[in-house]
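Q: So here's start.txt, just compact mmCIF, C-alpha atoms:
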# COMPACT_ATOMS: atom_id res chain seq x y z
CA MET A 263 25.71 90.52 -72.20
CA SER A 264 27.53 91.96 -69.22
CA GLU A 265 30.95 93.47 -69.92
CA MET A 266 32.97 90.55 -71.17
CA ARG A 267 35.70 90.03 -68.60
CA LEU A 268 37.56 86.83 -69.33
CA GLY A 269 40.83 87.37 -67.46
CA LEU A 270 40.47 84.34 -65.24
CA TYR A 271 38.35 81.63 -66.80
CA VAL A 272 37.88 78.37 -64.90
CA VAL A 273 36.80 75.23 -66.76
CA THR A 274 35.14 72.61 -64.58
CA TYR A 275 36.21 69.03 -64.31
CA ALA A 276 34.93 66.17 -62.17
CA ASP A 277 37.04 63.45 -60.63
CA PRO A 278 34.88 61.35 -58.33
CA ALA A 279 37.89 59.18 -57.41
CA ARG A 280 39.60 62.28 -56.03
CA GLY A 281 36.42 63.36 -54.33
CA PHE A 282 35.31 66.41 -56.29
CA GLY A 283 32.66 67.17 -58.86
CA HIS A 284 31.90 70.01 -61.26
CA MET A 285 30.09 72.00 -58.58
CA ASP A 286 33.11 71.88 -56.27
CA VAL A 287 35.30 73.42 -58.94
CA ALA A 288 32.64 76.03 -59.69
CA ALA A 289 32.30 76.87 -55.99
CA ALA A 290 36.05 77.40 -55.71
CA ALA A 291 36.00 79.54 -58.85
CA ILE A 292 33.18 81.69 -57.50
CA GLU A 293 34.77 82.02 -54.08
CA GLY A 294 38.18 82.77 -55.55
CA GLY A 295 36.82 85.46 -57.87
CA ALA A 296 37.01 83.97 -61.36
CA ASP A 297 35.63 86.09 -64.19
CA ALA A 298 34.10 83.18 -66.04
CA ILE A 299 33.21 79.56 -65.42
CA GLN A 300 32.68 76.96 -68.12
CA LEU A 301 30.79 73.79 -67.35
CA ARG A 302 32.54 71.12 -69.37
CA GLY A 303 30.80 67.84 -68.70
CA LYS A 304 31.56 65.68 -71.72
CA GLU A 305 30.95 62.57 -69.62
CA LEU A 306 27.39 63.57 -68.69
CA GLY A 307 24.08 62.82 -70.39
CA GLY A 308 21.71 65.67 -71.22
CA ARG A 309 19.53 65.22 -68.14
CA GLU A 310 22.41 65.39 -65.70
CA LEU A 311 24.18 68.19 -67.57
CA HIS A 312 20.99 70.24 -67.66
CA GLY A 313 20.42 69.86 -63.91
CA LEU A 314 24.03 70.75 -63.21
CA ALA A 315 23.89 73.78 -65.52
CA LEU A 316 20.81 75.08 -63.70
CA ARG A 317 22.48 74.71 -60.31
CA MET A 318 25.79 76.17 -61.48
CA GLY A 319 24.17 79.12 -63.24
CA ASP A 320 22.15 79.80 -60.13
CA ALA A 321 25.23 79.68 -57.87
CA ILE A 322 27.12 82.06 -60.15
CA GLY A 323 24.13 84.38 -60.40
CA ARG A 324 23.77 84.53 -56.61
CA SER A 325 27.44 85.34 -56.03
CA PRO A 326 28.16 89.04 -55.39
CA ALA A 327 30.96 89.10 -57.95
CA GLY A 328 28.74 87.73 -60.70
CA GLY A 329 30.92 86.33 -63.42
CA LEU A 330 30.04 84.80 -66.75
CA PHE A 331 28.66 81.30 -67.12
CA PHE A 332 29.43 79.19 -70.16
CA VAL A 333 28.33 75.69 -71.12
CA ASN A 334 30.61 73.60 -73.28
CA ASP A 335 29.34 71.85 -76.41
CA ARG A 336 25.57 71.73 -75.76
CA ILE A 337 23.92 74.86 -77.11
CA ASP A 338 20.52 73.54 -76.08
CA VAL A 339 21.58 73.05 -72.46
CA ALA A 340 23.22 76.49 -72.39
CA MET A 341 20.01 78.09 -73.68
CA ALA A 342 17.75 76.13 -71.34
CA ALA A 343 19.92 77.11 -68.37
CA LYS A 344 20.07 80.74 -69.55
CA ALA A 345 23.85 80.65 -69.51
CA ASP A 346 25.71 83.74 -70.68
CA GLY A 347 27.23 81.75 -73.49
CA VAL A 348 28.42 78.58 -75.13
CA HIS A 349 31.92 77.35 -75.76
CA LEU A 350 32.45 75.12 -78.77
CA GLY A 351 35.43 73.10 -79.90
CA GLN A 352 36.28 72.25 -83.48
CA GLU A 353 34.49 68.88 -83.09
CA ASP A 354 31.28 70.48 -81.85
CA VAL A 355 28.37 71.95 -83.80
CA PRO A 356 29.81 74.50 -86.28
CA ALA A 357 30.01 78.08 -85.01
CA GLN A 358 27.74 79.44 -87.72
CA ALA A 359 24.97 76.96 -86.91
CA ALA A 360 25.35 77.71 -83.20
CA ARG A 361 25.20 81.46 -83.79
CA SER A 362 21.95 81.04 -85.74
CA LEU A 363 20.31 79.29 -82.78
CA MET A 364 21.51 81.60 -80.02
CA SER A 365 19.91 84.86 -79.03
CA ALA A 366 21.98 87.89 -80.04
CA GLY A 367 23.01 88.58 -76.45
CA MET A 368 24.54 85.18 -75.90
CA ILE A 369 28.31 84.89 -76.05
CA LEU A 370 29.89 82.41 -78.45
CA GLY A 371 33.37 81.14 -77.68
CA ILE A 372 35.24 78.98 -80.17
CA SER A 373 38.39 76.93 -79.68
CA ALA A 374 41.17 77.65 -82.14
CA THR A 375 44.55 76.00 -82.48
CA THR A 376 45.65 77.65 -85.71
CA VAL A 377 45.39 81.07 -87.36
CA GLU A 378 43.06 79.53 -89.95
CA GLU A 379 40.67 78.28 -87.28
CA ALA A 380 40.82 81.66 -85.55
CA LEU A 381 39.96 83.55 -88.75
CA ALA A 382 37.14 81.12 -89.55
CA ALA A 383 35.72 81.46 -86.03
CA ARG A 384 35.72 85.25 -86.33
CA GLU A 385 34.00 84.97 -89.71
CA ASP A 386 31.37 82.66 -88.20
CA GLY A 387 30.46 85.04 -85.40
CA ALA A 388 32.65 84.06 -82.45
CA ASP A 389 32.78 86.59 -79.61
CA TYR A 390 36.01 85.26 -78.16
CA LEU A 391 38.54 82.55 -78.89
CA GLY A 392 39.84 79.79 -76.67
CA VAL A 393 43.37 79.46 -78.00
CA GLY A 394 45.55 76.48 -77.29
CA PRO A 395 46.74 74.14 -76.08
CA VAL A 396 49.54 76.56 -75.28
CA PHE A 397 51.41 73.99 -73.19
CA ALA A 398 50.98 70.25 -72.72
CA THR A 399 48.02 69.53 -70.48
CA PRO A 400 46.96 66.54 -68.41
CA SER A 401 43.27 67.59 -68.43
CA LYS A 402 42.37 66.75 -72.01
CA ASP A 403 43.55 63.45 -73.34
CA ASP A 404 42.42 64.32 -76.87
CA ALA A 405 44.24 67.64 -77.03
CA ALA A 406 46.24 68.71 -80.07
CA PRO A 407 50.03 69.21 -79.80
CA PRO A 408 50.92 72.40 -77.87
CA ILE A 409 51.21 75.56 -79.97
CA GLY A 410 53.47 77.32 -77.47
CA LEU A 411 53.69 81.05 -76.86
CA GLU A 412 54.71 81.48 -80.50
CA GLY A 413 51.49 79.89 -81.73
CA LEU A 414 49.51 82.09 -79.36
CA LYS A 415 51.30 85.21 -80.64
CA ARG A 416 50.59 84.29 -84.27
CA ILE A 417 46.85 84.10 -83.53
CA ARG A 418 47.04 87.31 -81.47
CA GLU A 419 48.50 89.13 -84.46
CA ALA A 420 45.88 87.70 -86.81
CA VAL A 421 42.64 88.53 -84.95
CA GLU A 422 41.40 91.25 -82.63
CA LEU A 423 38.85 89.08 -80.81
CA PRO A 424 39.40 88.53 -77.08
CA ILE A 425 41.66 85.53 -76.57
CA VAL A 426 41.51 83.18 -73.61
CA ALA A 427 44.61 81.00 -73.66
CA ILE A 428 44.21 77.41 -72.53
CA GLY A 429 46.34 74.33 -72.00
CA GLY A 430 48.74 73.67 -69.16
CA ILE A 431 48.51 77.21 -67.79
CA ASP A 432 49.33 77.70 -64.12
CA ALA A 433 50.67 80.30 -61.69
CA ASP A 434 54.20 79.68 -62.97
CA ASN A 435 53.58 80.43 -66.63
CA ALA A 436 50.44 82.62 -66.59
CA ARG A 437 52.41 85.85 -66.74
CA ARG A 438 54.22 84.80 -69.90
CA VAL A 439 50.92 83.78 -71.49
CA LEU A 440 49.30 87.13 -70.74
CA ASN A 441 52.40 88.99 -71.87
CA ALA A 442 52.20 87.08 -75.16
CA GLY A 443 48.91 88.87 -75.80
CA ALA A 444 46.17 86.72 -74.26
CA ASP A 445 43.30 88.62 -72.65
CA GLY A 446 42.74 85.85 -70.19
CA ILE A 447 43.78 82.42 -69.07
CA ALA A 448 41.61 79.32 -68.88
CA VAL A 449 42.61 76.86 -66.20
CA ILE A 450 41.56 73.37 -65.23
CA SER A 451 44.41 71.39 -63.64
CA ALA A 452 45.92 74.49 -62.01
CA VAL A 453 42.76 74.55 -59.90
CA THR A 454 41.67 70.92 -59.65
CA GLY A 455 45.21 69.75 -58.94
CA ALA A 456 45.53 72.03 -55.91
CA GLU A 457 44.90 70.89 -52.33
CA ASP A 458 43.08 74.18 -51.77
CA MET A 459 41.14 74.90 -54.98
CA THR A 460 39.79 78.25 -53.76
CA GLY A 461 43.29 79.30 -52.74
CA ALA A 462 44.58 78.37 -56.19
CA VAL A 463 41.91 80.52 -57.85
CA ARG A 464 42.72 83.43 -55.51
CA GLU A 465 46.42 83.21 -56.32
CA LEU A 466 45.68 83.22 -60.06
CA ARG A 467 43.26 86.10 -59.57
CA LEU A 468 45.96 88.31 -58.02
CA LEU A 469 48.40 87.33 -60.71
CA VAL A 470 45.99 88.08 -63.56
CA ASP A 471 44.96 91.41 -62.01
CA ASP A 472 48.58 92.41 -61.58
CA CYS A 473 49.43 91.41 -65.11
CA LEU A 474 46.47 93.08 -66.79
CA ALA A 475 46.61 96.26 -64.66
CA GLY A 476 49.03 97.88 -67.09
CA ARG A 477 46.77 97.49 -70.14
CA MET B 218 4.06 70.16 -88.74
CA SER B 219 2.83 67.84 -91.46
CA GLU B 220 0.15 65.34 -90.46
CA MET B 221 1.80 63.20 -87.85
CA ARG B 222 2.01 59.74 -89.34
CA LEU B 223 4.15 57.52 -87.18
CA GLY B 224 3.03 54.04 -88.27
CA LEU B 225 6.46 52.92 -89.41
CA TYR B 226 9.24 54.71 -87.62
CA VAL B 227 12.84 53.75 -88.40
CA VAL B 228 15.62 54.59 -85.95
CA THR B 229 19.08 54.77 -87.49
CA TYR B 230 22.07 52.85 -86.31
CA ALA B 231 25.62 52.62 -87.63
CA ASP B 232 27.77 49.54 -87.64
CA PRO B 233 30.95 50.26 -89.58
CA ALA B 234 32.18 46.68 -89.00
CA ARG B 235 29.13 45.40 -90.85
CA GLY B 236 29.56 48.02 -93.54
CA PHE B 237 26.68 50.40 -92.99
CA GLY B 238 26.24 53.85 -91.52
CA HIS B 239 23.32 56.03 -90.46
CA MET B 240 22.73 57.28 -94.00
CA ASP B 241 22.41 53.73 -95.34
CA VAL B 242 19.65 52.97 -92.87
CA ALA B 243 17.95 56.27 -93.66
CA ALA B 244 18.19 55.58 -97.40
CA ALA B 245 16.53 52.18 -96.93
CA ALA B 246 13.84 53.78 -94.76
CA ILE B 247 13.12 56.43 -97.38
CA GLU B 248 13.13 53.94 -100.24
CA GLY B 249 10.96 51.47 -98.32
CA GLY B 250 8.39 54.11 -97.41
CA ALA B 251 8.86 54.73 -93.68
CA ASP B 252 6.70 57.42 -92.12
CA ALA B 253 9.40 58.73 -89.85
CA ILE B 254 13.16 58.48 -89.44
CA GLN B 255 15.05 59.21 -86.27
CA LEU B 256 18.75 59.94 -86.39
CA ARG B 257 20.14 58.36 -83.25
CA GLY B 258 23.88 58.94 -83.22
CA LYS B 259 24.88 58.72 -79.57
CA GLU B 260 28.42 57.83 -80.63
CA LEU B 261 28.89 61.01 -82.65
CA GLY B 262 30.25 64.41 -81.66
CA GLY B 263 28.23 67.53 -82.40
CA ARG B 264 30.10 68.42 -85.59
CA GLU B 265 29.58 65.02 -87.17
CA LEU B 266 25.99 64.70 -85.96
CA HIS B 267 25.14 68.14 -87.32
CA GLY B 268 26.56 67.35 -90.75
CA LEU B 269 24.73 64.03 -90.82
CA ALA B 270 21.46 65.64 -89.73
CA LEU B 271 21.71 68.18 -92.55
CA ARG B 272 22.32 65.44 -95.12
CA MET B 273 19.63 63.16 -93.74
CA GLY B 274 17.02 65.92 -93.47
CA ASP B 275 17.83 66.91 -97.03
CA ALA B 276 17.46 63.33 -98.31
CA ILE B 277 14.12 62.93 -96.56
CA GLY B 278 12.92 66.30 -97.80
CA ARG B 279 13.81 65.43 -101.39
CA SER B 280 12.00 62.07 -101.31
CA PRO B 281 8.55 62.09 -102.94
CA ALA B 282 6.96 60.37 -99.93
CA GLY B 283 8.28 62.97 -97.51
CA GLY B 284 8.21 61.53 -94.03
CA LEU B 285 9.08 63.08 -90.71
CA PHE B 286 12.64 63.60 -89.57
CA PHE B 287 13.60 63.40 -85.91
CA VAL B 288 16.91 63.87 -84.15
CA ASN B 289 17.57 61.98 -80.95
CA ASP B 290 18.82 63.75 -77.84
CA ARG B 291 20.33 66.95 -79.30
CA ILE B 292 17.69 69.65 -79.47
CA ASP B 293 20.26 72.10 -80.80
CA VAL B 294 21.22 69.84 -83.69
CA ALA B 295 17.55 69.15 -84.48
CA MET B 296 16.83 72.87 -84.62
CA ALA B 297 19.93 73.71 -86.65
CA ALA B 298 19.02 70.99 -89.16
CA LYS B 299 15.38 72.12 -89.24
CA ALA B 300 14.23 68.63 -88.33
CA ASP B 301 10.52 68.04 -87.81
CA GLY B 302 11.15 67.10 -84.23
CA VAL B 303 13.28 65.79 -81.41
CA HIS B 304 13.12 62.50 -79.59
CA LEU B 305 14.27 62.46 -75.97
CA GLY B 306 14.86 59.62 -73.56
CA GLN B 307 14.52 59.82 -69.81
CA GLU B 308 18.27 60.51 -69.51
CA ASP B 309 18.15 63.41 -71.95
CA VAL B 310 17.29 67.06 -71.33
CA PRO B 311 13.89 67.17 -69.56
CA ALA B 312 10.86 67.46 -71.84
CA GLN B 313 9.71 70.74 -70.36
CA ALA B 314 13.08 72.39 -70.96
CA ALA B 315 13.16 71.02 -74.50
CA ARG B 316 9.64 72.26 -75.20
CA SER B 317 10.61 75.76 -74.08
CA LEU B 318 13.46 75.88 -76.60
CA MET B 319 11.63 74.42 -79.58
CA SER B 320 9.40 76.34 -81.95
CA ALA B 321 5.72 75.52 -81.52
CA GLY B 322 5.60 73.58 -84.76
CA MET B 323 8.34 71.18 -83.80
CA ILE B 324 7.34 67.71 -82.64
CA LEU B 325 8.51 66.46 -79.27
CA GLY B 326 8.70 62.71 -78.70
CA ILE B 327 9.49 61.31 -75.28
CA SER B 328 10.46 57.78 -74.29
CA ALA B 329 8.29 56.22 -71.60
CA THR B 330 8.62 52.86 -69.94
CA THR B 331 5.99 53.31 -67.26
CA VAL B 332 2.54 54.91 -66.92
CA GLU B 333 4.10 57.52 -64.62
CA GLU B 334 6.65 58.52 -67.24
CA ALA B 335 3.93 58.63 -69.88
CA LEU B 336 1.72 60.92 -67.80
CA ALA B 337 4.67 63.17 -66.95
CA ALA B 338 5.66 63.38 -70.62
CA ARG B 339 2.13 64.40 -71.59
CA GLU B 340 2.14 67.02 -68.83
CA ASP B 341 5.47 68.37 -70.08
CA GLY B 342 4.25 68.84 -73.63
CA ALA B 343 5.14 65.63 -75.48
CA ASP B 344 3.46 65.20 -78.88
CA TYR B 345 3.97 61.45 -78.99
CA LEU B 346 5.46 58.73 -76.82
CA GLY B 347 8.09 56.15 -77.63
CA VAL B 348 6.91 53.27 -75.46
CA GLY B 349 9.09 50.32 -74.57
CA PRO B 350 11.16 48.31 -74.66
CA VAL B 351 8.22 46.04 -75.50
CA PHE B 352 10.46 43.06 -76.12
CA ALA B 353 14.13 42.42 -75.42
CA THR B 354 16.29 44.20 -77.95
CA PRO B 355 19.87 43.78 -79.13
CA SER B 356 20.08 47.39 -80.36
CA LYS B 357 20.29 49.20 -77.04
CA ASP B 358 22.62 47.76 -74.46
CA ASP B 359 21.35 50.15 -71.80
CA ALA B 360 17.67 49.35 -72.28
CA ALA B 361 15.32 48.77 -69.35
CA PRO B 362 13.69 45.34 -68.84
CA PRO B 363 10.95 44.65 -71.43
CA ILE B 364 7.46 45.84 -70.49
CA GLY B 365 5.71 43.36 -72.77
CA LEU B 366 2.39 43.87 -74.51
CA GLU B 367 0.79 44.23 -71.08
CA GLY B 368 3.00 47.20 -70.22
CA LEU B 369 2.19 48.75 -73.57
CA LYS B 370 -1.56 48.29 -72.98
CA ARG B 371 -1.35 49.92 -69.55
CA ILE B 372 0.22 53.04 -71.06
CA ARG B 373 -2.28 52.96 -73.95
CA GLU B 374 -5.14 53.05 -71.45
CA ALA B 375 -3.54 55.88 -69.46
CA VAL B 376 -2.80 58.41 -72.23
CA GLU B 377 -4.32 59.45 -75.53
CA LEU B 378 -1.08 60.65 -77.11
CA PRO B 379 0.14 58.80 -80.19
CA ILE B 380 2.27 55.84 -79.15
CA VAL B 381 5.17 54.44 -81.12
CA ALA B 382 6.15 51.11 -79.61
CA ILE B 383 9.83 50.23 -79.57
CA GLY B 384 12.09 47.38 -78.54
CA GLY B 385 12.58 44.09 -80.33
CA ILE B 386 9.78 44.71 -82.80
CA ASP B 387 9.92 42.87 -86.13
CA ALA B 388 7.70 41.47 -88.86
CA ASP B 389 6.79 38.50 -86.65
CA ASN B 390 5.43 40.45 -83.69
CA ALA B 391 4.47 43.85 -85.20
CA ARG B 392 0.83 42.87 -85.64
CA ARG B 393 0.44 42.00 -81.97
CA VAL B 394 2.07 45.28 -80.98
CA LEU B 395 -0.27 47.34 -83.15
CA ASN B 396 -3.26 45.31 -81.96
CA ALA B 397 -2.25 46.12 -78.39
CA GLY B 398 -2.94 49.76 -79.17
CA ALA B 399 0.26 51.23 -80.55
CA ASP B 400 -0.14 53.79 -83.33
CA GLY B 401 3.16 52.84 -84.82
CA ILE B 402 6.23 50.69 -84.48
CA ALA B 403 9.81 51.87 -84.17
CA VAL B 404 12.38 49.50 -85.58
CA ILE B 405 16.14 49.29 -85.57
CA SER B 406 17.39 45.70 -85.72
CA ALA B 407 14.47 44.52 -87.85
CA VAL B 408 15.96 46.73 -90.55
CA THR B 409 19.68 46.78 -89.86
CA GLY B 410 19.78 43.03 -89.27
CA ALA B 411 18.31 42.30 -92.70
CA GLU B 412 20.41 41.43 -95.75
CA ASP B 413 18.14 43.70 -97.77
CA MET B 414 17.34 46.69 -95.55
CA THR B 415 15.02 48.32 -98.08
CA GLY B 416 13.15 45.04 -98.50
CA ALA B 417 12.75 44.76 -94.74
CA VAL B 418 11.26 48.27 -94.58
CA ARG B 419 8.89 47.46 -97.46
CA GLU B 420 7.70 44.29 -95.73
CA LEU B 421 7.03 46.20 -92.51
CA ARG B 422 5.29 48.96 -94.50
CA LEU B 423 2.79 46.50 -95.97
CA LEU B 424 2.24 44.90 -92.60
CA VAL B 425 1.64 48.23 -90.82
CA ASP B 426 -0.69 49.45 -93.56
CA ASP B 427 -2.68 46.23 -93.41
CA CYS B 428 -2.89 46.37 -89.64
CA LEU B 429 -3.84 50.04 -89.39
CA ALA B 430 -6.30 49.97 -92.32
CA GLY B 431 -9.12 48.95 -90.07
CA ARG B 432 -8.75 51.90 -87.67
Take the structure in the file and give it back as structure tokens.
A:
Amino acid sequence: MSEMRLGLYVVTYADPARGFGHMDVAAAAIEGGADAIQLRGKELGGRELHGLALRMGDAIGRSPAGGLFFVNDRIDVAMAAKADGVHLGQEDVPAQAARSLMSAGMILGISATTVEEALAAREDGADYLGVGPVFATPSKDDAAPPIGLEGLKRIREAVELPIVAIGGIDADNARRVLNAGADGIAVISAVTGAEDMTGAVRELRLLVDDCLAGR
Amino acid sequence: MSEMRLGLYVVTYADPARGFGHMDVAAAAIEGGADAIQLRGKELGGRELHGLALRMGDAIGRSPAGGLFFVNDRIDVAMAAKADGVHLGQEDVPAQAARSLMSAGMILGISATTVEEALAAREDGADYLGVGPVFATPSKDDAAPPIGLEGLKRIREAVELPIVAIGGIDADNARRVLNAGADGIAVISAVTGAEDMTGAVRELRLLVDDCLAGR
């Protein structure tokens, strides 16, 4: 495991109608200097996801800045693609089962909406938490109600694991999220909704660096 | 790996509207004496599939007859549930990648519709082939056009791997399928479409035994 920098964490999303796929988002994230990229391809079958994970992992590995590569949901695809880690939601394979399959060096991220879920994830061997949705988000139609900065703070006080906040985070509210105790921000729409995706990542990069410089 | 008997191979299917789930089909398969059961839960998320795989594997393991337990598609779930093997279609994670993740004792089944796919699957480390669809089938809406007994025979002549024929197989045509060279039959609708699922499995059991006795 390389040093786990999760300050700016980009989650991929594909919208063929708007002319971009997962690799376009990943390319912008790499170019813009994201610390971590998560391939989240719920709509894809195993064959396609596996091929995409290989290409994405390769692109990240070849970039000078490096960065961590995560695969959402499919532990098998993450392992086959030699990703740095897996990110699992509460509807995915339980954390404990995932941990037992993964090599010790692989990073396990678990989504948590409540303090209870956060404590359980820590108990089950999570290396970091994806905490949210902090704000309402257009990117996940099955998302839980927003927990707000208060919900984020409650989880921050309860666990010492690195926290990547997610859900409706953009350049306007990122500072408040980081000041509430998150170690990083995960973004989808803030990048994919921008005309210039790379520019959006760069802007967030500067903001996150500025915000975390004091820690 | 226990001796690989695949003569009667039941694939699970859930139809809540008709009042049965995957475990009901598995229970009938166990009770009726199937050689192998494949949990095929494409509609399920990882959490649900994992829980179901644990319960199903446990039920099969506790049955006096034993029988092999396969999980469709998700190699990670199969491994976490300590299934005997994984069955992968052509749209799932490639066989070679799957093989590299699985312990040597785990069985890898690969779906093949053509001789080319069958040869590639053998090359990539498949332990058996699921060959079909032999006949038209109501159970898979995304199935390829039927290959018929002729298609099955062509694959039989091309590879020596065990072949489990699939697709529209029932008590009326099973004998012809086995006589065409299949080592086993995989059934879905022939079981789930029956009033008495256990009875349907028993009938197929007798038929398969009778047909394979001469080999």
Q: Could you list, as a compact mmCIF listing (two decimals) with C-alpha atoms, in the coordinates of the input, every residue within 6 Å of Gly430 in chain A, counting only C-alpha atoms and ignoring same-chain residues fewer than 6 positions away?
A:
# COMPACT_ATOMS: atom_id res chain seq x y z
CA PHE A 397 51.41 73.99 -73.19
CA ALA A 398 50.98 70.25 -72.72
CA THR A 399 48.02 69.53 -70.48
Q: Select all residues near (51.9, 86.0, -80.8) (cut-off 12 Å, inclusive, file coordinates), counting only C-alpha atoms, and output them as a ChimeraX atom specification.
A: /A:376-377,393-394,396,409-422,425,427,438-444
Q: Sorted by chain and rising residue number, which residues of chain B lie within 12 Å of chain A, and what are their closest atom pairs and distances in Å to one decimal, counting all atoms listed in the file, as JSON lines?
A:
{"residue": "B:Lys259", "atom": "CA", "partner": "A:Gly307", "partner_atom": "CA", "distance": 10.1}
{"residue": "B:Leu261", "atom": "CA", "partner": "A:Glu353", "partner_atom": "CA", "distance": 9.7}
{"residue": "B:Gly262", "atom": "CA", "partner": "A:Asp354", "partner_atom": "CA", "distance": 6.2}
{"residue": "B:Gly263", "atom": "CA", "partner": "A:Asp354", "partner_atom": "CA", "distance": 4.3}
{"residue": "B:Arg264", "atom": "CA", "partner": "A:Val355", "partner_atom": "CA", "distance": 4.3}
{"residue": "B:Glu265", "atom": "CA", "partner": "A:Glu353", "partner_atom": "CA", "distance": 7.5}
{"residue": "B:Leu266", "atom": "CA", "partner": "A:Val355", "partner_atom": "CA", "distance": 7.9}
{"residue": "B:His267", "atom": "CA", "partner": "A:Val355", "partner_atom": "CA", "distance": 6.1}
{"residue": "B:Gly268", "atom": "CA", "partner": "A:Val355", "partner_atom": "CA", "distance": 8.5}
{"residue": "B:Leu269", "atom": "CA", "partner": "A:Val355", "partner_atom": "CA", "distance": 11.2}
{"residue": "B:Ala270", "atom": "CA", "partner": "A:Val355", "partner_atom": "CA", "distance": 11.1}
{"residue": "B:Leu271", "atom": "CA", "partner": "A:Ala359", "partner_atom": "CA", "distance": 10.9}
{"residue": "B:Asn289", "atom": "CA", "partner": "A:Gly308", "partner_atom": "CA", "distance": 11.2}
{"residue": "B:Asp290", "atom": "CA", "partner": "A:Gly308", "partner_atom": "CA", "distance": 7.5}
{"residue": "B:Arg291", "atom": "CA", "partner": "A:Asp338", "partner_atom": "CA", "distance": 7.3}
{"residue": "B:Ile292", "atom": "CA", "partner": "A:Asp338", "partner_atom": "CA", "distance": 5.9}
{"residue": "B:Asp293", "atom": "CA", "partner": "A:Asp338", "partner_atom": "CA", "distance": 4.9}
{"residue": "B:Val294", "atom": "CA", "partner": "A:Val355", "partner_atom": "CA", "distance": 7.5}
{"residue": "B:Ala295", "atom": "CA", "partner": "A:Asp338", "partner_atom": "CA", "distance": 9.9}
{"residue": "B:Met296", "atom": "CA", "partner": "A:Leu363", "partner_atom": "CA", "distance": 7.5}
{"residue": "B:Ala297", "atom": "CA", "partner": "A:Ala359", "partner_atom": "CA", "distance": 6.0}
{"residue": "B:Ala298", "atom": "CA", "partner": "A:Ala359", "partner_atom": "CA", "distance": 8.7}
{"residue": "B:Lys299", "atom": "CA", "partner": "A:Leu363", "partner_atom": "CA", "distance": 10.8}
{"residue": "B:Val303", "atom": "CA", "partner": "A:Asp338", "partner_atom": "CA", "distance": 11.9}
{"residue": "B:Leu305", "atom": "CA", "partner": "A:Gly308", "partner_atom": "CA", "distance": 9.4}
{"residue": "B:Gly306", "atom": "CA", "partner": "A:Arg309", "partner_atom": "CA", "distance": 9.1}
{"residue": "B:Gln307", "atom": "CA", "partner": "A:Arg309", "partner_atom": "CA", "distance": 7.6}
{"residue": "B:Glu308", "atom": "CA", "partner": "A:Arg309", "partner_atom": "CA", "distance": 5.1}
{"residue": "B:Asp309", "atom": "CA", "partner": "A:Gly308", "partner_atom": "CA", "distance": 4.3}
{"residue": "B:Val310", "atom": "CA", "partner": "A:Arg309", "partner_atom": "CA", "distance": 4.3}
{"residue": "B:Pro311", "atom": "CA", "partner": "A:Arg309", "partner_atom": "CA", "distance": 6.1}
{"residue": "B:Ala312", "atom": "CA", "partner": "A:Arg309", "partner_atom": "CA", "distance": 9.7}
{"residue": "B:Gln313", "atom": "CA", "partner": "A:Ala342", "partner_atom": "CA", "distance": 9.7}
{"residue": "B:Ala314", "atom": "CA", "partner": "A:Ala342", "partner_atom": "CA", "distance": 6.0}
{"residue": "B:Ala315", "atom": "CA", "partner": "A:Ala342", "partner_atom": "CA", "distance": 7.6}
{"residue": "B:Arg316", "atom": "CA", "partner": "A:Ala342", "partner_atom": "CA", "distance": 9.8}
{"residue": "B:Ser317", "atom": "CA", "partner": "A:Ala342", "partner_atom": "CA", "distance": 7.7}
{"residue": "B:Leu318", "atom": "CA", "partner": "A:Ala342", "partner_atom": "CA", "distance": 6.8}
{"residue": "B:Met319", "atom": "CA", "partner": "A:Asp338", "partner_atom": "CA", "distance": 9.6}
{"residue": "B:Ser320", "atom": "CA", "partner": "A:Leu363", "partner_atom": "CA", "distance": 11.3}
Q: Could you work out how far CA of Pro350 in chain B lies from CA of Pro362 in chain B, giving the answer in Å with one decimal?
A: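 Between these atoms lies a distance of 7.0 Å.
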Q: Can you work out the spacing between CA of Ile327 in chain B and CA of Asp341 in chain B in Å, to one decimal?
A: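 Result for CA of Ile327 in chain B versus CA of Asp341 in chain B: 9.6 Å, one decimal.
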Q: By how many Å are CA of Pro408 in chain A and CA of Arg437 in chain A apart?
A: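 Between CA of Pro408 in chain A and CA of Arg437 in chain A the gap works out to 17.5 Å.
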Q: Report as a list of chain:residue names all protein, DNA and RNA residues lying within 9 Å of range 290-292 of chain A, evaluated on only C-alpha atoms, omitting residues in the same chain fewer than 2 positions from it.
A: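 Listed by chain and then number, they are A:Tyr271, A:Val272, A:Met285, A:Asp286, A:Val287, A:Ala288, A:Gly294, A:Gly295, A:Ala296, A:Asp297, A:Ala298, A:Ile299, A:Ala321, A:Ile322, A:Ser325, A:Ala327, A:Gly328, A:Gly329, A:Val453, A:Asp458, A:Met459, A:Thr460, A:Gly461, A:Ala462, A:Val463, A:Arg464.
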